[in-house]
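This report refers to the structure that appears directly beneath it.
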Amino acid sequence: MKYYFLILFPFLSTLSYSQSNTEVFLFDLKKSNSKIEVSNGINISNNEGYDNQPSFFEDDNVLYASTRNGQTDIAQYHINYKSKTFINYTKGGEYTPLKIPNKNAISAVRLDPDGKQRLYSYNLSNGESTELIQDLVVAYYTWYNENSIVSAVIEDEQLNLYVTNIADGTNRKYATSVGRSFHKIPNSNLVSFIYKETDKAWQIRSLNPNNGITRLIANTMEGVEDICWLDGRTLLSGKNGVLYKLTLKRDNNWKKVADLSSYGISNITRLAINDDGTKLLIAADLQPENEESNSNDTTIENIETPPILSEAEAAAVVQKHIDPFNNRQLNDFANAFGTNVVVNKFPKDYMYSGRNALKENYRQFFKNNKKSNVKVLNRMVLNNYVVDEELVTLNNLTIRQATIYNVDKEGIKSMTFIRNKNTTSNPETIVNDQLEAYNKRDIDEFSKTYAQNIKLYEFPENITTNGKAELEKRYQVIFQKVPDLNAEIMNRIVLGNKVIDKEKATINGKTYYAIAIYEVENGLISKVTFIQ
């Protein structure tokens with residue numbers, strides 16, 4: 001099973017859109033501790049032209065700006081019924097629709113045919129519109145409460161930040177050179193905005209609309225100004241086709257959550273989350289028709305990607321800790337690891353982190369085990385990942401395990417143990433069956449090798465596909481569009497119910513590599529984790 005083909009060729013799932021097309025996607029969202037899962041994405045706008053600026057209108061409805069008959073109006077998508085209606089019929093074009101707090105009404109920026117641009121409210125009972133702010137040209141905004149609006153106002157060819165009290169008609173200016181992203185910060189009395197000081201990194205700042213005090217929160221990714229809040233500590237943002245997160249006081253930089261390019265997404269812009277944090281809206285540009293994605297190089301930007309080592313260099317970094325372990329040389333062993341090394345059980349069951357913690361852990365390990373030895377039986381290398389099949393002897397006990405090492409020139413950055421799990425069947429049989437069906441491009445036989453609740457992940461735990469229906473939909477398109485599709489196994493480790501393959505794929509005359517970790521339950525593939 002070759003998920004990475006979807007990453008390399010996301011255009012295959014969106015065959016009918018031009019480069020200027022923007023769409024609105026709805027995803028299921030799940031957060032557990034530091035792990036965020038995004039799944040079950042659907043294109044809810046599915047419309048030629050401009051569809052953008054989505055927001056939630058209560059739990060079951062979505063608002064967004066959508067083009068019809070040559071102009072942009074307010075569309076409402078009903079999640080439960082999977083249907084779309086338009087809720088206004090003005091001559092002007094409406095943008096950035098939002099629910100007005102505590103009212104059966106919405107607001108939107110309207111651009112009239114005569115060039116007048118103002119913020120209006122729209123009564124959902126009778127459709128009547130009322131101008132909210134008369135003297136300011138509002139471009140982007142959010143509601144602080146039912147009487148206060150925080151907005152970016154066009155002045156002297158730049159955007160400046162204002163707070164407007166619509167009850168008394170007062171406007172206060174608190175910042176200059178701001179961006180388009182405004183959001184209430186959950187569990188606070190603050191609003192976030194983007195500050196764009198000349199020649200410096202763009203900043204996410206907080207504003208207290210009651211007193212005008214602003215404070216720095218974090219920097220955006222380079223060139224990105226669209227964010228949203230998952231909760232009071234965690235922000236989401238997107239760059240190209242990839243979703244990222246930043247947890248304040250935990251992450252020192254933006255971390256990759258999920259590659260969404262397999263949905264045909266080439267450039268994420270607007271984002272919104274519902275009140276209980278279970279659904280995510282994304283507005284995005286789509287891949288041009290019949291254009292290959294560049295996600296293997298520039299499209300998927302890993303914010304903290306180190307230089308890629310050669311296979312020999314990566315293997316040498318891992319090998320550096322083997323002899324000291326066998327010779328029980330604790331200092332030399334520990335020095336083979338990076339200062340901030342993280343040690344996990346597969347896929348990401350945290351054990352401990354830091355070289356000092358590792359050293360103390362193995363000091364006790366050597367004390368408890370008078371005899372210890374490790375022998376590498378098999379080794380796979382891909383980019384800066386090394387996967388070793390190891391035979392470990394502890395006193396009079398022999399254990400077979402696999403270990404995933406992530407390395408750079410400074411040492412081992414992370415070490416993830418894959419333990420042996422007993423199984424009553426041969427997992428290679430079903431994995432081989434799916435490979436044969438894949439090379440035949442037989443979607444029915446291919447699908448039969450997977451469990452109904454199959455999940456695909458990018459290592460360690462970024463979910464990319466959830467369920468057989470989603471898997472079938474994507475691979476059906478690939479099988480139809482890639483006539484020379486072929487994969488072969490370069491190396492294999494079998495460990496209990498797991499099959500770990502280094503795979504070589506041919507797609508449209510090009511060659512790609514990945515490591516896939518298959519987990520088999522009850523004779524079917526239930527989970528696949530990809531290292532790329």
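Scheme for the structure tokens: letters A, B, ... for chains in order shown; per-chain residue numbers from 1; ligand numbers from 1 in order shown.
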
Requested in this report: Name all residues at most 10 Å from Asn171 (chain A) (count only C-alpha atoms; drop same-chain ones fewer than 4 positions away) and give them as a list of chain:residue names.
Outcome: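 Here the answer would be A:Ile133, A:Asp135, A:Leu136, A:Ser148, A:Ile149, A:Val150, A:Tyr162, A:Val163, A:Thr164, A:Asn165, A:Ile166.
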
Requested in this report: Would you kindly return, as a ChimeraX atom specification, each protein, DNA or RNA residue with an atom no farther than 7 Å from any atom of region 63-69 of chain A, considering only C-alpha atoms and excluding same-chain residues fewer than 2 positions away?
Outcome: /A:49-57,61,71-77,94-97

Save out the residues we just selected, N, CA, C and O atoms, as a compact mmCIF listing (two decimals), in the first residue's frame.
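Final output, saved to result-v8.txt:
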# COMPACT_ATOMS: atom_id res chain seq x y z
N GLY A 49 -14.98 28.74 -9.49
CA GLY A 49 -14.83 30.12 -9.08
C GLY A 49 -14.45 30.26 -7.62
O GLY A 49 -13.90 29.36 -7.00
N TYR A 50 -14.78 31.41 -7.05
CA TYR A 50 -14.31 31.81 -5.73
C TYR A 50 -15.24 31.28 -4.63
O TYR A 50 -16.43 31.58 -4.60
N ASP A 51 -14.70 30.48 -3.74
CA ASP A 51 -15.39 30.02 -2.52
C ASP A 51 -14.39 30.16 -1.38
O ASP A 51 -13.36 29.49 -1.38
N ASN A 52 -14.70 31.01 -0.40
CA ASN A 52 -13.65 31.36 0.56
C ASN A 52 -14.28 31.91 1.84
O ASN A 52 -15.49 32.02 1.96
N GLN A 53 -13.42 32.22 2.82
CA GLN A 53 -13.76 32.89 4.07
C GLN A 53 -14.86 32.16 4.86
O GLN A 53 -15.87 32.73 5.23
N PRO A 54 -14.63 30.87 5.15
CA PRO A 54 -15.66 30.09 5.86
C PRO A 54 -15.69 30.38 7.36
O PRO A 54 -14.69 30.75 7.97
N SER A 55 -16.85 30.18 7.95
CA SER A 55 -17.01 30.27 9.41
C SER A 55 -18.17 29.37 9.82
O SER A 55 -19.01 29.01 8.99
N PHE A 56 -18.20 29.02 11.09
CA PHE A 56 -19.28 28.17 11.61
C PHE A 56 -20.44 29.04 12.07
O PHE A 56 -20.26 30.07 12.73
N PHE A 57 -21.65 28.63 11.67
CA PHE A 57 -22.88 29.25 12.14
C PHE A 57 -23.60 28.20 12.98
O PHE A 57 -24.32 27.36 12.46
N ASN A 61 -24.09 24.26 10.73
CA ASN A 61 -24.11 25.07 9.52
C ASN A 61 -22.80 25.82 9.35
O ASN A 61 -22.13 26.18 10.32
N GLN A 71 -21.27 37.04 -9.41
CA GLN A 71 -21.00 37.84 -8.23
C GLN A 71 -20.88 36.93 -7.01
O GLN A 71 -21.25 35.76 -7.05
N THR A 72 -20.37 37.48 -5.92
CA THR A 72 -20.11 36.71 -4.71
C THR A 72 -21.18 36.99 -3.68
O THR A 72 -21.40 38.15 -3.28
N ASP A 73 -21.86 35.94 -3.21
CA ASP A 73 -22.93 36.05 -2.22
C ASP A 73 -22.62 35.16 -1.03
O ASP A 73 -21.62 34.43 -1.01
N ILE A 74 -23.51 35.18 -0.03
CA ILE A 74 -23.31 34.41 1.19
C ILE A 74 -23.98 33.05 1.03
O ILE A 74 -25.20 32.96 0.87
N ALA A 75 -23.17 32.00 1.10
CA ALA A 75 -23.69 30.63 1.02
C ALA A 75 -23.75 30.04 2.42
O ALA A 75 -22.92 30.33 3.28
N GLN A 76 -24.75 29.17 2.63
CA GLN A 76 -24.88 28.45 3.89
C GLN A 76 -24.90 26.95 3.57
O GLN A 76 -25.73 26.49 2.79
N TYR A 77 -23.97 26.21 4.18
CA TYR A 77 -23.90 24.76 3.99
C TYR A 77 -24.45 24.08 5.23
O TYR A 77 -24.02 24.36 6.35
N GLU A 94 -20.74 39.96 -1.35
CA GLU A 94 -20.52 39.83 0.09
C GLU A 94 -19.31 38.96 0.39
O GLU A 94 -19.08 37.94 -0.29
N TYR A 95 -18.56 39.33 1.44
CA TYR A 95 -17.35 38.62 1.83
C TYR A 95 -17.28 38.52 3.35
O TYR A 95 -17.83 39.33 4.07
N THR A 96 -16.56 37.52 3.84
CA THR A 96 -16.33 37.28 5.27
C THR A 96 -17.64 37.26 6.06
O THR A 96 -17.85 38.08 6.97
N PRO A 97 -18.52 36.32 5.78
CA PRO A 97 -19.76 36.23 6.58
C PRO A 97 -19.49 35.62 7.95
O PRO A 97 -18.82 34.60 8.07

Requested in this report: Would you mind telling me which residue in A:Trp229, A:Tyr518, A:Lys375, A:Lys84 lies nearest to Asn187 (chain A) when using only C-alpha atoms?
Outcome: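 Looking only at the distances to Asn187 (chain A), the closest residue turns out to be A:Trp229.
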
Query raised in the report: Among region 300-515 of chain A, which ones does DSSP place in helix (DSSP H, G or I), written as an MDAnalysis selection string?
Result: chainID A and resid 311:319 322:326 330:334 355:368 427:440 443:448 468:481

Query raised in the report: Please, which residues of region 189-232 of chain A, numbered as in this document, come out strand (DSSP E or B) from DSSP, as an MDAnalysis selection string?
Result: chainID A and resid 191:195 203:207 214:219 227:229

Go ahead and write the selection's residues with N, CA and C atoms as an mmCIF file, in the first residue's frame.
data_model
loop_
_atom_site.group_PDB
_atom_site.id
_atom_site.type_symbol
_atom_site.label_atom_id
_atom_site.label_comp_id
_atom_site.auth_asym_id
_atom_site.auth_seq_id
_atom_site.Cartn_x
_atom_site.Cartn_y
_atom_site.Cartn_z
ATOM 1 N N VAL A 191 -8.398 39.265 21.621
ATOM 2 C CA VAL A 191 -8.515 38.956 20.197
ATOM 3 C C VAL A 191 -7.108 38.918 19.618
ATOM 4 N N SER A 192 -6.853 37.955 18.750
ATOM 5 C CA SER A 192 -5.536 37.902 18.090
ATOM 6 C C SER A 192 -5.611 38.583 16.729
ATOM 7 N N PHE A 193 -4.489 39.156 16.324
ATOM 8 C CA PHE A 193 -4.370 39.763 15.003
ATOM 9 C C PHE A 193 -2.944 39.594 14.507
ATOM 10 N N ILE A 194 -2.738 39.857 13.229
ATOM 11 C CA ILE A 194 -1.419 39.721 12.620
ATOM 12 C C ILE A 194 -0.813 41.104 12.447
ATOM 13 N N TYR A 195 0.403 41.279 12.963
ATOM 14 C CA TYR A 195 1.106 42.557 12.856
ATOM 15 C C TYR A 195 2.229 42.412 11.849
ATOM 16 N N GLN A 203 4.029 38.925 13.062
ATOM 17 C CA GLN A 203 3.768 38.515 14.440
ATOM 18 C C GLN A 203 2.285 38.245 14.665
ATOM 19 N N ILE A 204 2.010 37.259 15.500
ATOM 20 C CA ILE A 204 0.667 37.067 16.037
ATOM 21 C C ILE A 204 0.639 37.799 17.371
ATOM 22 N N ARG A 205 -0.257 38.767 17.485
ATOM 23 C CA ARG A 205 -0.331 39.564 18.698
ATOM 24 C C ARG A 205 -1.734 39.478 19.287
ATOM 25 N N SER A 206 -1.840 39.742 20.577
ATOM 26 C CA SER A 206 -3.141 39.800 21.238
ATOM 27 C C SER A 206 -3.535 41.249 21.445
ATOM 28 N N LEU A 207 -4.835 41.482 21.440
ATOM 29 C CA LEU A 207 -5.393 42.807 21.716
ATOM 30 C C LEU A 207 -6.481 42.671 22.759
ATOM 31 N N THR A 214 -1.755 45.632 23.577
ATOM 32 C CA THR A 214 -1.377 44.535 22.687
ATOM 33 C C THR A 214 -0.102 43.877 23.194
ATOM 34 N N ARG A 215 0.004 42.568 22.954
ATOM 35 C CA ARG A 215 1.187 41.817 23.378
ATOM 36 C C ARG A 215 1.544 40.784 22.319
ATOM 37 N N LEU A 216 2.848 40.497 22.222
ATOM 38 C CA LEU A 216 3.335 39.493 21.289
ATOM 39 C C LEU A 216 2.965 38.095 21.783
ATOM 40 N N ILE A 217 2.454 37.257 20.856
ATOM 41 C CA ILE A 217 2.179 35.857 21.170
ATOM 42 C C ILE A 217 3.227 34.957 20.526
ATOM 43 N N ALA A 218 3.421 35.090 19.210
ATOM 44 C CA ALA A 218 4.366 34.247 18.474
ATOM 45 C C ALA A 218 4.545 34.835 17.088
ATOM 46 N N ASN A 219 5.517 34.300 16.344
ATOM 47 C CA ASN A 219 5.678 34.656 14.942
ATOM 48 C C ASN A 219 4.886 33.693 14.065
ATOM 49 N N ILE A 227 -4.459 32.103 10.480
ATOM 50 C CA ILE A 227 -4.380 31.193 11.624
ATOM 51 C C ILE A 227 -5.775 30.971 12.178
ATOM 52 N N CYS A 228 -5.907 30.036 13.108
ATOM 53 C CA CYS A 228 -7.084 29.955 13.973
ATOM 54 C C CYS A 228 -6.652 29.285 15.266
ATOM 55 N N TRP A 229 -7.512 29.364 16.276
ATOM 56 C CA TRP A 229 -7.214 28.814 17.602
ATOM 57 C C TRP A 229 -7.967 27.515 17.801
#

**Report entry** Within 9 Å of region 440-457 of chain A using only C-alpha atoms, minus same-chain residues under 5 positions, as a ChimeraX atom specification
**Finding:** /A:1,3,430-431,433-435,462-469,471-472,475-476,478-480,483,485-486,520-530

Report summary line: Between A:Ala514, A:Val381, A:Leu26, A:Ile493, smallest distance to Asn43 (chain A) by only C-alpha atoms belongs to A:Leu26

Query - Distance criterion (only C-alpha atoms): nearest to Asn432 (chain A) out of A:Asn274, A:Val499, A:Asn369, A:Phe346 - result: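 Under the stated criterion, the closest residue is A:Val499.
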
Requested in this report: Just the residues within 7 Å of Arg492 (chain A), please, counting only C-alpha atoms, with nothing from its chain fewer than 2 positions along; format it as a PyMOL selection string.
Outcome: chain A and resi 494+500-502

Query raised in the report: Using only C-alpha atoms, which residue out of A:Ile515, A:Leu271, A:Met415, A:Ile489 lies closest to Ser181 (chain A)?
Result: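 Closest to Ser181 (chain A) of all the choices is A:Leu271.
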
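As for CA of Tyr122 (chain A) and CA of Glu225 (chain A), they are spaced 27.8 Å apart.
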
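Of the listed residues (A:Asn335, A:Asn384, A:Asn102, A:Ser151), A:Ser151 comes nearest to Arg118 (chain A); the distances count only C-alpha atoms.
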
Set the distance at 8 Å and use only C-alpha atoms: which residues neighbour Ile404 (chain A) once local chain neighbours fewer than 3 positions away are removed? I'd like the list as an mmCIF file with all heavy atoms, in the first residue's frame.
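Output saved as result.cif:
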data_model
loop_
_atom_site.group_PDB
_atom_site.id
_atom_site.type_symbol
_atom_site.label_atom_id
_atom_site.label_comp_id
_atom_site.auth_asym_id
_atom_site.auth_seq_id
_atom_site.Cartn_x
_atom_site.Cartn_y
_atom_site.Cartn_z
ATOM 1 N N TYR A 385 16.191 8.763 8.344
ATOM 2 C CA TYR A 385 15.626 7.709 9.178
ATOM 3 C C TYR A 385 16.377 6.401 8.951
ATOM 4 O O TYR A 385 16.690 6.040 7.811
ATOM 5 C CB TYR A 385 14.143 7.494 8.874
ATOM 6 C CG TYR A 385 13.247 8.563 9.454
ATOM 7 C CD1 TYR A 385 12.843 9.638 8.672
ATOM 8 C CD2 TYR A 385 12.813 8.497 10.780
ATOM 9 C CE1 TYR A 385 12.026 10.628 9.200
ATOM 10 C CE2 TYR A 385 11.998 9.475 11.313
ATOM 11 C CZ TYR A 385 11.606 10.540 10.524
ATOM 12 O OH TYR A 385 10.801 11.517 11.056
ATOM 13 N N VAL A 386 16.638 5.716 10.051
ATOM 14 C CA VAL A 386 17.251 4.393 10.010
ATOM 15 C C VAL A 386 16.348 3.455 10.802
ATOM 16 O O VAL A 386 15.987 3.757 11.948
ATOM 17 C CB VAL A 386 18.668 4.401 10.613
ATOM 18 C CG1 VAL A 386 19.261 2.992 10.605
ATOM 19 C CG2 VAL A 386 19.566 5.374 9.858
ATOM 20 N N VAL A 387 15.963 2.344 10.194
ATOM 21 C CA VAL A 387 15.150 1.335 10.881
ATOM 22 C C VAL A 387 15.975 0.068 10.994
ATOM 23 O O VAL A 387 16.364 -0.523 9.982
ATOM 24 C CB VAL A 387 13.841 1.049 10.130
ATOM 25 C CG1 VAL A 387 13.003 0.033 10.901
ATOM 26 C CG2 VAL A 387 13.046 2.335 9.903
ATOM 27 N N ASP A 388 16.268 -0.328 12.219
ATOM 28 C CA ASP A 388 17.075 -1.520 12.474
ATOM 29 C C ASP A 388 16.218 -2.642 13.038
ATOM 30 O O ASP A 388 15.399 -2.417 13.938
ATOM 31 C CB ASP A 388 18.188 -1.215 13.491
ATOM 32 C CG ASP A 388 19.385 -0.535 12.854
ATOM 33 O OD1 ASP A 388 19.413 -0.395 11.620
ATOM 34 O OD2 ASP A 388 20.305 -0.150 13.612
ATOM 35 N N SER A 414 15.934 11.050 17.790
ATOM 36 C CA SER A 414 14.858 10.312 18.450
ATOM 37 C C SER A 414 15.071 8.826 18.231
ATOM 38 O O SER A 414 15.686 8.395 17.252
ATOM 39 C CB SER A 414 13.484 10.735 17.936
ATOM 40 O OG SER A 414 13.272 10.295 16.609
ATOM 41 N N MET A 415 14.555 8.028 19.171
ATOM 42 C CA MET A 415 14.674 6.576 19.133
ATOM 43 C C MET A 415 13.309 6.009 19.517
ATOM 44 O O MET A 415 12.808 6.270 20.608
ATOM 45 C CB MET A 415 15.770 6.119 20.106
ATOM 46 C CG MET A 415 15.999 4.620 20.155
ATOM 47 S SD MET A 415 17.530 4.177 21.061
ATOM 48 C CE MET A 415 17.176 4.835 22.714
ATOM 49 N N THR A 416 12.712 5.253 18.597
ATOM 50 C CA THR A 416 11.376 4.710 18.806
ATOM 51 C C THR A 416 11.423 3.192 18.713
ATOM 52 O O THR A 416 11.784 2.641 17.665
ATOM 53 C CB THR A 416 10.388 5.263 17.762
ATOM 54 O OG1 THR A 416 10.372 6.694 17.839
ATOM 55 C CG2 THR A 416 8.988 4.729 18.006
ATOM 56 N N PHE A 417 11.063 2.512 19.801
ATOM 57 C CA PHE A 417 11.113 1.047 19.862
ATOM 58 C C PHE A 417 9.810 0.436 19.355
ATOM 59 O O PHE A 417 8.721 0.840 19.774
ATOM 60 C CB PHE A 417 11.365 0.577 21.295
ATOM 61 C CG PHE A 417 12.672 1.037 21.876
ATOM 62 C CD1 PHE A 417 12.691 1.948 22.921
ATOM 63 C CD2 PHE A 417 13.869 0.552 21.381
ATOM 64 C CE1 PHE A 417 13.893 2.370 23.463
ATOM 65 C CE2 PHE A 417 15.085 0.958 21.920
ATOM 66 C CZ PHE A 417 15.096 1.877 22.959
ATOM 67 N N ILE A 418 9.931 -0.537 18.453
ATOM 68 C CA ILE A 418 8.785 -1.319 17.998
ATOM 69 C C ILE A 418 8.915 -2.704 18.608
ATOM 70 O O ILE A 418 9.828 -3.457 18.264
ATOM 71 C CB ILE A 418 8.730 -1.413 16.461
ATOM 72 C CG1 ILE A 418 8.724 -0.019 15.835
ATOM 73 C CG2 ILE A 418 7.505 -2.206 16.021
ATOM 74 C CD1 ILE A 418 8.737 -0.029 14.321
#

Query raised in the report: Pick the closest to Asn422 (chain A) from A:Lys184, A:Lys371, A:Asn356, A:Gly496: which is it, counting only C-alpha atoms?
Result: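 With only C-alpha atoms as the atom set, the closest residue is A:Gly496.
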
Query - Atom-to-atom span, CA of Asn508 (chain A) and CA of Val482 (chain A), Å - result: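 Separating CA of Asn508 (chain A) from CA of Val482 (chain A) is a distance of 6.5 Å.
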
Query - All residues 12 Å or closer to Asp156 (chain A), only C-alpha atoms, same chain fewer than 3 positions away omitted, as a list in words - result: Val137, Val153, Leu159, Asn160, Thr176 and Ser177 of chain A

Query raised in the report: Which polymer residues have any atom within 8 Å of an atom of Leu260 (chain A), counting only C-alpha atoms, with same-chain residues fewer than 6 positions away left out, as a list in words?
Result: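 That gives Gly241, Val242, Leu243 and Thr464 of chain A.
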
Let me see the file: selected residues, N, CA, C and O atoms, as a PDB file, in the first residue's frame.
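So the final result, stored in result_28.pdb, reads:
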ATOM      1  N   GLY A 241       0.164  22.923   0.978  1.00  0.00           N
ATOM      2  CA  GLY A 241      -0.858  21.919   1.233  1.00  0.00           C
ATOM      3  C   GLY A 241      -0.745  21.255   2.580  1.00  0.00           C
ATOM      4  O   GLY A 241      -1.314  20.185   2.796  1.00  0.00           O
ATOM      5  N   VAL A 242      -0.021  21.870   3.531  1.00  0.00           N
ATOM      6  CA  VAL A 242       0.276  21.222   4.809  1.00  0.00           C
ATOM      7  C   VAL A 242      -0.304  22.032   5.966  1.00  0.00           C
ATOM      8  O   VAL A 242      -0.199  23.258   5.994  1.00  0.00           O
ATOM      9  N   LEU A 243      -0.923  21.331   6.912  1.00  0.00           N
ATOM     10  CA  LEU A 243      -1.459  21.938   8.121  1.00  0.00           C
ATOM     11  C   LEU A 243      -0.426  21.840   9.236  1.00  0.00           C
ATOM     12  O   LEU A 243       0.182  20.788   9.441  1.00  0.00           O
ATOM     13  N   THR A 464      -3.802  10.470   8.008  1.00  0.00           N
ATOM     14  CA  THR A 464      -4.006  10.983   6.654  1.00  0.00           C
ATOM     15  C   THR A 464      -5.204  10.370   5.959  1.00  0.00           C
ATOM     16  O   THR A 464      -5.785  10.995   5.072  1.00  0.00           O
TER      17      THR A 464
END
